Number of protein chains: 2
Amino acid sequence: MHQNIETRLSINTATVRKQGDLVQIMEACARHGIRAVAPWRDQVAAVGLERAVRAVRENDLALSGYCRGGMFPANPDRRAEVRDDNRRAVDEAAALGAPCLVLVVGGLPQFSRPGSAPTKNLMQAQTQVEDGLSELLEYARDANLPLAIEPLHPMYAADRSCVNTMRHALDLCDRLDSGRTGLLGVAVDVYHVWWDPELETQIQRAGKKRLLAFHVCDWLVPTIDLLQDRGMMGDGVIDIPKIRGWVEAEAGIGHIEVEIFSEHWWARPMDEVLDTCLSRCRSAV
Amino acid sequence: MHQNIETRLSINTATVRKQGDLVQIMEACARHGIRAVAPWRDQVAAVGLERAVRAVRENDLALSGYCRGGMFPANPDRRAEVRDDNRRAVDEAAALGAPCLVLVVGGLPQFSRPGSAPTKNLMQAQTQVEDGLSELLEYARDANLPLAIEPLHPMYAADRSCVNTMRHALDLCDRLDSGRTGLLGVAVDVYHVWWDPELETQIQRAGKKRLLAFHVCDWLVPTIDLLQDRGMMGDGVIDIPKIRGWVEAEAGIGHIEVEIFSEHWWARPMDEVLDTCLSRCRSAV
């Protein structure tokens with residue numbers, strides 16, 4: 001299996017966001033024989049949705065996901081704004097042919113939607129997340145566009161996501177989609193969940209219907225920045241093949257999406273980064 | 001209750017480790033009316049154990065804990081070294097009159113005990129932790145010195161502790177001390193566990209017998225360093241009074257230990273830091 005793993009590689013376009021625009025990134029991926037990408041909304045907006053859709057087609061690319069919706073906690077008077085913003089994300093994902101919209105659900109409202117009143121009430125934020133998810137799920141159902149909750153590492157609990165474990169994300173799935181329709185699931189990013197002693201059992205709990213995306217990078221020791229010091233696969237301490245095995249045992253063979261936020265890799269030429277992603281897919285994933 | 005909360009303040013001596021030696025720190029605490037401390041082993045070693053014991057007595061201080069034992073994962077040929085090191089920590093804690101030895105259990109062996117062979121096998125590290133704990137518990141039983149497992153924030157999973165949640169720590173307690181003798185429990189530090197949606201239920205699960213220490217500081221947004229950017233209570237996003245209430249509902253009124261690793265606070269005069277700890281105890285804890 002391993003010699004073909006690079007055919008499953010998808011590049012999350014944030015990985016090379018500083019080296020080119022979305023069209024240039026897709027062209028570079030195609031040139032390297034990479035068959036899938038996961039674009040970010042701001043990168044799509046920068047070239048325009050129609051141009052992005054055309055670039056996907058021209059370069060014969062599949063999508064492994066669309067990044068991102070979420071950021072639900074906000075002042076109550078901004079609920080409509082948050083709802084509409086997320087509905088647009090669903091529409092864009094559908095237009096691009098993404099298999100799912102990845103959701104980073106948001107942390108405390110003052111960080112999730114800046115300008116919202118400061119609070120330390122994390123449980124209230126979690127309630128707002130659940131309410132927002134529930135509402136968005138109806139819209140996603142009409143669009144037939146699955147939503148993938150991405151539990152983020154607990155170090156992002158305050159400012160990015162108050163859902164930090166697979167257990168919590170899957171509890172939400174159970175409550176909001178008890179019928180396991182396939183329209184609500186999780187994105188498993190090894191960076192966020194590798195430390196969790198429950199990871200294997202929670203991946204099994206998720207099962208094929210709820211394992212909507214699989215993201216890889218690596219955890220560096222030391223990590224010198226909470227946001228922009230993620231490692232290339234193989235440069236850190238995560239046993240990626242083990243986690244990949246757990247995911248494949250449930251979900252079978254799907255895309256392996258490389259998502260690296262790193263000042264180091266953003267400073268390297270795009271071709272070098274893509275080459276390295278390909279070779280590390282073979283050696284360290 | 002709140003007007004007396006400062007009588008429960010304990011200073012973890014790492015909080016002012018750069019402003020004086022252990023004797024100077026204890027004298028400063030006494031001068032400020034602070035009644036308890038939690039010393040670190042290296043600070044004790046720097047002045048000598050006997051001098052430290054005398055300073056505790058001279059300044060009429062109680063201890064809220066002793067920092068720290070643990071760091072169990074290591075190359076197999078170093079097992080005796082790790083065991084003896086931890087037994088000495090138990091002896092020192094007993095000599096100082098500490099109510100518990102705080103355990104930071106260690107992460108992967110190459111970081112936990114430098115020089116050990118590199119591995120990515122976190123489960124194996126967790127097994128070594130459990131074996132090491134089991135062995136040390138016998139020694140602690142003879143010394144009648146409780147061991148407090150401190151679950152560390154998941155961002156320290158690789159290099160400091162592969163036990164990152166209350167659930168995991170309490171699972172270890174259940175397996176190793178099913179009789180709930182009081183000799184094995186947890187240290188709850190809000191910095192490490194504030195994000196956990198299970199925190200309240202796990203504090204209830206722990207109960208009085210297993211809630212051996214309560215540490216406070218704050219989570220800053222942004223956090224600019226994984227190790228040395230902890231916040232003074234009130235400067236961050238943690239709802240400390242809520243968590244304190246959960247702990248007190250189970251364990252009653254005990255020490256509130258301030259432990260802050262911060263380049264910012266290490267650069268301030270000791271008296272200012274201690275004054276601030278006292279005032280923030282009243283306003284933000």
# chains A, B, ... in the order shown; residues from 1 in each chain; ligands from 1
$ interface_residues --of "chain A" --to "chain B" --cutoff "8 Å" --atoms "only C-alpha atoms" --output "number ranges by chain"
A: 119-123, 153-155, 157-159, 162, 164, 168, 195-197, 221, 223-226, 237-239
$ write_last_selection --atoms "C-alpha atoms" --output "JSON list (two decimals), in the first residue's frame"
[["chain", "number", "residue", "atom", "x", "y", "z"],
["A", 119, "THR", "CA", -16.42, 36.54, 28.82],
["A", 120, "LYS", "CA", -14.75, 33.59, 30.50],
["A", 121, "ASN", "CA", -17.79, 31.39, 30.16],
["A", 122, "LEU", "CA", -16.52, 28.48, 28.10],
["A", 123, "MET", "CA", -19.62, 26.39, 28.68],
["A", 153, "HIS", "CA", -5.72, 21.06, 20.25],
["A", 154, "PRO", "CA", -6.68, 22.25, 23.76],
["A", 155, "MET", "CA", -4.15, 25.07, 23.48],
["A", 157, "ALA", "CA", -9.62, 26.39, 23.51],
["A", 158, "ALA", "CA", -9.88, 30.11, 24.28],
["A", 159, "ASP", "CA", -9.48, 31.64, 20.87],
["A", 162, "CYS", "CA", -13.89, 25.10, 22.53],
["A", 164, "ASN", "CA", -10.88, 19.98, 21.79],
["A", 168, "HIS", "CA", -16.55, 16.04, 22.63],
["A", 195, "TRP", "CA", -1.81, 13.04, 22.59],
["A", 196, "ASP", "CA", -5.26, 11.68, 23.47],
["A", 197, "PRO", "CA", -5.21, 8.23, 25.13],
["A", 221, "VAL", "CA", 9.80, 19.51, 20.18],
["A", 223, "THR", "CA", 7.36, 24.02, 19.53],
["A", 224, "ILE", "CA", 8.27, 27.69, 19.52],
["A", 225, "ASP", "CA", 4.95, 29.18, 18.44],
["A", 226, "LEU", "CA", 1.43, 28.05, 19.25],
["A", 237, "VAL", "CA", 7.07, 13.04, 17.50],
["A", 238, "ILE", "CA", 3.69, 11.90, 16.19],
["A", 239, "ASP", "CA", 3.38, 8.26, 15.21]]
$ closest_residue --among "B:Thr276, B:Gln128, B:Gln24, B:Ser283" --to "Pro76 in chain B" --atoms "only C-alpha atoms"
B:Gln128
$ residues_around --residues "Gly48 in chain A" --least-positions-apart "6" --cutoff "10 Å" --atoms "only C-alpha atoms" --output "PyMOL selection string"
chain A and resi 22+41-42
$ write_last_selection --atoms "N, CA and C atoms" --output "PDB file, in the first residue's frame"
ATOM      1  N   LEU A  22      -4.271  30.993  -5.093  1.00  0.00           N
ATOM      2  CA  LEU A  22      -4.888  29.673  -5.130  1.00  0.00           C
ATOM      3  C   LEU A  22      -4.726  29.007  -6.503  1.00  0.00           C
ATOM      4  N   ARG A  41     -11.123  29.624   2.497  1.00  0.00           N
ATOM      5  CA  ARG A  41     -12.079  30.629   1.998  1.00  0.00           C
ATOM      6  C   ARG A  41     -11.396  31.914   1.554  1.00  0.00           C
ATOM      7  N   ASP A  42     -10.441  32.391   2.341  1.00  0.00           N
ATOM      8  CA  ASP A  42      -9.813  33.663   1.981  1.00  0.00           C
ATOM      9  C   ASP A  42      -9.023  33.521   0.683  1.00  0.00           C
TER      10      ASP A  42
END
$ residues_around --residues "Gln19 in chain B" --least-positions-apart "5" --cutoff "10 Å" --atoms "only C-alpha atoms" --output "list in words"
Ala14, Gln24, Ile25, Trp265, Trp266, Ala267, Arg268, Pro269, Met270, Asp271 and Val273 of chain B
$ closest_residue --among "B:Cys67, B:Val90, B:Cys173, B:Ala125" --to "Leu103 in chain B" --atoms "only C-alpha atoms"
B:Cys67
$ atom_distance --atom1 "CA of Tyr191 in chain B" --atom2 "CA of Asp218 in chain B"
6.0 Å
$ residues_around --residues "Asp142 in chain B" --least-positions-apart "4" --cutoff "12 Å" --atoms "only C-alpha atoms" --output "ChimeraX atom specification"
/B:87,90-91,94,135-138,146,183
$ write_last_selection --atoms "N, CA and C atoms" --output "compact mmCIF listing (two decimals), in the first residue's frame"
# COMPACT_ATOMS: atom_id res chain seq x y z
N ARG B 87 12.53 8.10 44.91
CA ARG B 87 12.49 7.78 46.34
C ARG B 87 13.11 8.92 47.16
N VAL B 90 10.56 11.57 47.59
CA VAL B 90 9.62 11.23 48.67
C VAL B 90 10.24 11.54 50.03
N ASP B 91 11.49 11.15 50.21
CA ASP B 91 12.18 11.40 51.49
C ASP B 91 12.27 12.90 51.78
N ALA B 94 8.91 14.29 52.78
CA ALA B 94 8.59 13.91 54.16
C ALA B 94 9.39 14.77 55.14
N GLU B 135 5.43 1.21 41.45
CA GLU B 135 6.59 0.91 42.29
C GLU B 135 6.79 2.00 43.34
N LEU B 136 6.66 3.26 42.93
CA LEU B 136 6.90 4.36 43.87
C LEU B 136 5.84 4.39 44.96
N LEU B 137 4.63 3.96 44.59
CA LEU B 137 3.54 4.00 45.56
C LEU B 137 3.84 3.13 46.79
N GLU B 138 4.51 2.01 46.56
CA GLU B 138 4.88 1.16 47.71
C GLU B 138 5.80 1.91 48.67
N PRO B 146 1.62 10.98 50.54
CA PRO B 146 0.76 10.88 49.36
C PRO B 146 1.43 11.38 48.08
N LEU B 183 -3.38 7.79 49.48
CA LEU B 183 -1.94 7.89 49.17
C LEU B 183 -1.67 8.15 47.69
